[in-house]
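Raw contents of my_file_23.txt, compact mmCIF, C-alpha atoms and all ligand atoms:
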# COMPACT_ATOMS: atom_id res chain seq x y z
CA MET A 5 -58.83 10.85 -42.37
CA ASN A 6 -60.98 7.85 -43.20
CA GLN A 7 -60.79 7.40 -46.94
CA ARG A 8 -62.46 4.01 -46.98
CA THR A 9 -64.91 3.43 -49.78
CA LEU A 10 -67.45 0.69 -50.23
CA ASP A 11 -68.00 -1.55 -53.19
CA PRO A 12 -71.58 -0.85 -54.33
CA ARG A 13 -71.82 -4.38 -55.71
CA ALA A 14 -70.92 -6.05 -52.41
CA PRO A 15 -74.07 -7.82 -51.21
CA TRP A 16 -74.18 -6.24 -47.75
CA VAL A 17 -73.60 -2.71 -49.02
CA ILE A 18 -76.90 -0.86 -49.08
CA SER A 19 -77.59 2.30 -51.04
CA THR A 20 -79.47 5.11 -49.34
CA HIS A 21 -79.96 6.91 -52.64
CA ASP A 22 -83.75 6.58 -52.61
CA LEU A 23 -83.97 7.54 -48.97
CA GLY A 24 -82.37 10.93 -49.32
CA ARG A 25 -81.26 12.97 -46.34
CA ARG A 26 -84.42 14.72 -45.23
CA PRO A 27 -84.87 13.81 -41.55
CA GLY A 28 -87.96 11.68 -41.11
CA SER A 29 -87.68 10.08 -44.52
CA MET A 30 -88.03 6.34 -44.22
CA ARG A 31 -87.76 3.23 -46.32
CA ARG A 32 -88.33 -0.43 -45.64
CA MET A 33 -86.53 -3.23 -47.42
CA SER A 34 -86.76 -7.01 -47.47
CA LEU A 35 -83.57 -8.64 -48.61
CA THR A 36 -82.08 -12.07 -48.85
CA LEU A 37 -78.30 -11.88 -48.68
CA PRO A 38 -75.57 -14.51 -48.70
CA ALA A 39 -73.98 -14.95 -45.30
CA PRO A 40 -70.46 -13.52 -45.08
CA ALA A 41 -67.61 -15.83 -44.12
CA ASP A 42 -66.66 -16.52 -40.53
CA VAL A 43 -69.77 -15.39 -38.72
CA GLY A 44 -69.62 -17.49 -35.61
CA VAL A 45 -67.81 -18.74 -32.57
CA ASP A 46 -65.82 -21.93 -32.00
CA MET A 47 -68.58 -24.51 -32.06
CA ILE A 48 -71.33 -22.86 -34.12
CA GLY A 49 -71.90 -20.23 -36.74
CA VAL A 50 -73.71 -19.15 -39.88
CA PRO A 51 -72.61 -21.23 -42.89
CA LYS A 52 -70.94 -19.06 -45.50
CA ASP A 53 -73.30 -18.08 -48.34
CA ALA A 54 -76.38 -19.36 -46.51
CA ASP A 55 -79.47 -17.26 -47.11
CA VAL A 56 -79.90 -14.54 -44.53
CA GLU A 57 -83.36 -12.98 -44.61
CA LEU A 58 -83.39 -9.35 -43.61
CA GLU A 59 -86.19 -6.94 -42.87
CA ILE A 60 -84.73 -3.51 -42.45
CA ARG A 61 -85.96 0.01 -41.98
CA LEU A 62 -83.79 2.94 -43.04
CA GLU A 63 -84.59 6.22 -41.40
CA ALA A 64 -82.89 9.53 -42.11
CA VAL A 65 -82.09 11.43 -38.93
CA MET A 66 -80.09 14.63 -38.38
CA GLU A 67 -76.68 12.98 -38.07
CA GLY A 68 -77.09 10.08 -40.42
CA VAL A 69 -79.15 7.06 -41.28
CA LEU A 70 -80.59 4.87 -38.57
CA VAL A 71 -80.97 1.25 -39.62
CA THR A 72 -83.23 -1.02 -37.61
CA GLY A 73 -83.69 -4.60 -38.63
CA THR A 74 -84.12 -8.25 -38.03
CA ALA A 75 -82.08 -10.99 -39.64
CA ARG A 76 -82.97 -14.66 -39.82
CA SER A 77 -80.25 -17.11 -40.66
CA PRO A 78 -79.46 -20.80 -40.40
CA LEU A 79 -76.80 -22.04 -38.00
CA ARG A 80 -74.53 -25.00 -38.25
CA GLY A 81 -72.19 -26.35 -35.65
CA GLU A 82 -71.17 -29.20 -33.46
CA CYS A 83 -72.67 -30.52 -30.24
CA ALA A 84 -70.31 -29.54 -27.43
CA ARG A 85 -71.02 -32.83 -25.66
CA CYS A 86 -71.09 -35.50 -28.37
CA LEU A 87 -69.65 -33.66 -31.41
CA GLU A 88 -72.58 -34.60 -33.66
CA PRO A 89 -73.57 -31.94 -36.21
CA VAL A 90 -76.09 -29.41 -34.92
CA THR A 91 -78.30 -27.35 -37.20
CA SER A 92 -80.70 -24.66 -36.09
CA ASP A 93 -81.45 -21.08 -36.92
CA THR A 94 -81.43 -17.74 -35.25
CA GLU A 95 -83.29 -14.48 -35.51
CA VAL A 96 -81.54 -11.37 -34.31
CA GLU A 97 -82.47 -7.73 -34.08
CA PHE A 98 -80.02 -4.96 -34.64
CA GLN A 99 -79.91 -1.21 -34.81
CA GLU A 100 -77.08 0.92 -36.08
CA LEU A 101 -76.67 4.62 -36.72
CA PHE A 102 -74.51 5.37 -39.75
CA PHE A 103 -73.11 8.88 -39.48
CA TYR A 104 -72.87 11.20 -42.48
CA SER A 105 -69.71 12.74 -41.12
CA ALA A 106 -66.82 11.23 -39.23
CA GLU A 107 -66.71 14.47 -37.23
CA ASP A 108 -70.01 13.64 -35.55
CA ALA A 109 -69.05 10.04 -34.94
CA ALA A 110 -67.02 8.55 -32.14
CA GLU A 111 -64.35 5.91 -32.48
CA GLY A 112 -65.95 2.68 -33.64
CA ASP A 113 -69.17 4.28 -34.89
CA SER A 114 -70.38 3.36 -38.33
CA LEU A 115 -70.20 5.79 -41.22
CA LEU A 116 -71.90 6.32 -44.52
CA TYR A 117 -69.58 6.38 -47.48
CA GLY A 118 -71.31 8.66 -49.92
CA GLU A 119 -74.75 7.11 -50.19
CA LEU A 120 -73.56 3.67 -49.16
CA LEU A 121 -73.53 1.84 -45.89
CA ASP A 122 -72.24 -1.59 -44.96
CA LEU A 123 -74.64 -3.72 -42.94
CA GLU A 124 -72.30 -6.64 -42.51
CA PRO A 125 -70.58 -5.61 -39.25
CA ALA A 126 -73.92 -4.89 -37.54
CA PHE A 127 -75.25 -8.27 -38.61
CA ARG A 128 -72.08 -10.05 -37.55
CA ASP A 129 -72.02 -8.43 -34.11
CA ALA A 130 -75.71 -9.13 -33.50
CA VAL A 131 -75.47 -12.80 -34.46
CA VAL A 132 -72.30 -13.58 -32.55
CA LEU A 133 -73.86 -12.24 -29.35
CA THR A 134 -76.71 -14.74 -29.58
CA LEU A 135 -74.66 -17.85 -30.25
CA PRO A 136 -74.40 -20.45 -27.52
CA LEU A 137 -70.84 -21.12 -26.38
CA SER A 138 -71.77 -24.76 -25.88
CA PRO A 139 -74.38 -25.76 -28.46
CA VAL A 140 -76.02 -29.13 -27.86
CA CYS A 141 -77.76 -31.53 -30.25
CA SER A 142 -80.50 -31.91 -27.66
CA GLU A 143 -80.92 -30.52 -24.17
CA ASP A 144 -80.49 -33.98 -22.61
CA CYS A 145 -77.56 -35.09 -24.75
CA ALA A 146 -75.55 -37.45 -22.57
CA GLY A 147 -72.33 -36.80 -24.45
CA LEU A 148 -69.58 -39.32 -24.93
CA CYS A 149 -68.50 -42.22 -22.75
CA VAL A 150 -65.45 -41.03 -20.84
CA GLU A 151 -63.96 -44.51 -21.06
CA CYS A 152 -64.26 -45.36 -24.74
CA GLY A 153 -65.59 -42.24 -26.43
CA VAL A 154 -68.74 -43.84 -27.83
CA ARG A 155 -71.70 -41.50 -28.23
CA LEU A 156 -73.96 -42.53 -25.37
CA ALA A 157 -77.16 -41.76 -27.29
CA ASP A 158 -76.11 -44.44 -29.81
CA ALA A 159 -74.93 -46.95 -27.22
CA GLU A 160 -76.82 -49.60 -25.33
CA PRO A 161 -78.79 -48.08 -22.45
CA ASP A 162 -76.62 -49.89 -19.92
CA HIS A 163 -73.38 -48.97 -21.63
CA GLY A 164 -70.56 -49.02 -19.15
CA HIS A 165 -67.21 -50.50 -18.43
CA GLU A 166 -66.19 -52.89 -15.74
CA VAL A 167 -63.90 -51.18 -13.38
CA ILE A 168 -60.90 -53.39 -13.17
CA ASP A 169 -59.64 -54.05 -9.74
CA ALA A 170 -56.03 -53.06 -9.34
CA ARG A 171 -55.16 -56.61 -8.36
CA TRP A 172 -56.47 -57.94 -11.67
CA ALA A 173 -55.06 -55.14 -13.77
CA LYS A 174 -51.65 -56.72 -13.63
CA LEU A 175 -53.00 -60.05 -14.83
CA GLN A 176 -54.90 -58.38 -17.69
CA GLY A 177 -51.67 -57.56 -19.40
CA LEU A 178 -50.92 -61.28 -19.63
CA VAL A 179 -54.04 -62.13 -21.55
CA PRO A 180 -54.34 -61.12 -25.22
CA GLU A 181 -57.05 -58.49 -25.53
CA HIS A 182 -60.12 -59.15 -27.61
CA ASN A 183 -60.81 -55.66 -28.67
CA ASN A 184 -63.63 -55.15 -31.08
CA ASP A 185 -63.66 -51.38 -30.84
CA GLN A 186 -64.18 -49.69 -34.17
CA GLU A 187 -62.11 -46.76 -33.16
CA SER A 188 -58.97 -46.25 -35.11
ZN ZN B 1 -74.98 -34.22 -28.47
ZN ZN B 2 -67.76 -46.68 -23.16
Structure encoded using structure tokens:
Amino acid sequence: MNQRTLDPRAPWVISTHDLGRRPGSMRRMSLTLPAPADVGVDMIGVPKDADVELEIRLEAVMEGVLVTGTARSPLRGECARCLEPVTSDTEVEFQELFFYSAEDAAEGDSLLYGELLDLEPAFRDAVVLTLPLSPVCSEDCAGLCVECGVRLADAEPDHGHEVIDARWAKLQGLVPEHNNDQES
């Protein structure tokens, strides 16, 4: 049925060789792994190859190997209000049971392939759930001026635009504009 195999050299593939299969057997591991590609949502995510620090516990149970862990990783993204770069980090907890046999597992459950298991999907799922849909550079970020697009945090405190009266708007077109905007 599922003939998938895992590459033992892939960074997120963990060997359970030393753990064995005796229920109750347990091992702890501390690992630093390079972040896989495309862990994130639109505005923020884990930079590819960034160091992800993992503390995991492998525990042999009747049906498979239960992995419980925490992962700490940096985040990089863009402020949803002003588009400035945002950097932060996240710590997530995850738990995943890897079944010895596909017969015991349901659709979508994780499996062991021989002595190997792949932690990447569990990490990915855990991180993505914690990411803000609208990351901000600071909680009180005022965003961009709706008129000219300048970042309000960088603008004069009284930044604003004169609202042109409709009667004058017509005349405005007759006068050459002195526009010193640096926008392209
Ligand atoms: Zn901002
Ligand atoms: Zn403006």
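Among the candidate residues A:Pro38, A:Gly73, A:Pro89, A:Pro51, the one lying nearest to ligand ZN 1 (chain B) is A:Pro89, with distances computed using only C-alpha atoms and all ligand atoms.
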Determine, counting all atoms listed in the file, which protein, DNA and RNA residues have an atom within 8 Å of an atom of Gly147 in chain A; residues of the same chain fewer than 6 positions away are not included. Present the result as a VMD selection string. chain A and resid 85 to 86 155 to 157
Let me see the file: selected residues, C-alpha atoms, as a PDB file, keeping the file's coordinate frame.
ATOM      1  CA  ARG A  85     -71.020 -32.830 -25.660  1.00  0.00           C
ATOM      2  CA  CYS A  86     -71.090 -35.500 -28.370  1.00  0.00           C
ATOM      3  CA  ARG A 155     -71.700 -41.500 -28.230  1.00  0.00           C
ATOM      4  CA  LEU A 156     -73.960 -42.530 -25.370  1.00  0.00           C
ATOM      5  CA  ALA A 157     -77.160 -41.760 -27.290  1.00  0.00           C
TER       6      ALA A 157
END
Restricting the calculation to all atoms listed in the file: of A:Leu116, A:Leu10, A:Ile48, A:Ile60, which residue gets closest to Val90 in chain A? A:Ile48
Nearest residue to ligand ZN 2 (chain B) out of A:Glu67, A:Glu119, A:Asp158, A:Glu151, using all atoms listed in the file?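 Among the listed residues, A:Glu151 lies closest to ligand ZN 2 (chain B).
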Expected selection as a PyMOL selection string for ligand ZN 2 (chain B) within 6 Å, all atoms listed in the file: chain A and resi 149+151-154+164
Could you please extract the residues within 7 Å of ligand ZN 1 (chain B), counting all atoms listed in the file, and hand them back as a tab-separated table (two decimals) with C-alpha atoms, in the coordinates of the input?
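Saved to part03.tsv:
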chain	number	residue	atom	x	y	z
A	83	CYS	CA	-72.67	-30.52	-30.24
A	84	ALA	CA	-70.31	-29.54	-27.43
A	85	ARG	CA	-71.02	-32.83	-25.66
A	86	CYS	CA	-71.09	-35.50	-28.37
A	87	LEU	CA	-69.65	-33.66	-31.41
A	88	GLU	CA	-72.58	-34.60	-33.66
A	140	VAL	CA	-76.02	-29.13	-27.86
A	141	CYS	CA	-77.76	-31.53	-30.25
A	142	SER	CA	-80.50	-31.91	-27.66
A	145	CYS	CA	-77.56	-35.09	-24.75
A	146	ALA	CA	-75.55	-37.45	-22.57
A	147	GLY	CA	-72.33	-36.80	-24.45
Would you compute the distance between CA of Glu82 in chain A and CA of Met47 in chain A? Give it in Å to one decimal.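 Between CA of Glu82 in chain A and CA of Met47 in chain A the gap works out to 5.5 Å.
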Residues proximal to (-79.1, 1.5, -38.4) were defined as those with any atom within 12 Å of that point in the file's coordinates, counting only C-alpha atoms. Which are they, as a ChimeraX atom specification? /A:18,20,30-32,59-65,67-74,97-103,113-116,121-127
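Across the model, the gap from CA of Ser77 in chain A to CA of Val50 in chain A is 6.9 Å.
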Within 9 Å of file point (-73.2, -18.2, -46.8), counting all atoms listed in the file, expressed as a list of chain:residue names: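 Residues close enough to count: A:Leu37, A:Pro38, A:Ala39, A:Pro40, A:Ala41, A:Val50, A:Pro51, A:Lys52, A:Asp53, A:Ala54, A:Asp55, A:Val56.
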Nearest to Val43 in chain A, restricted to all atoms listed in the file and choosing among A:Asp129, A:Glu160, A:Asp144, A:Glu166, comes out as A:Asp129
Residue nearest Ala130 in chain A - candidates A:Leu23, A:Leu58, A:Val96, A:Met66, atoms counted: all atoms listed in the file: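 For Ala130 in chain A, the nearest of the candidates is A:Val96.
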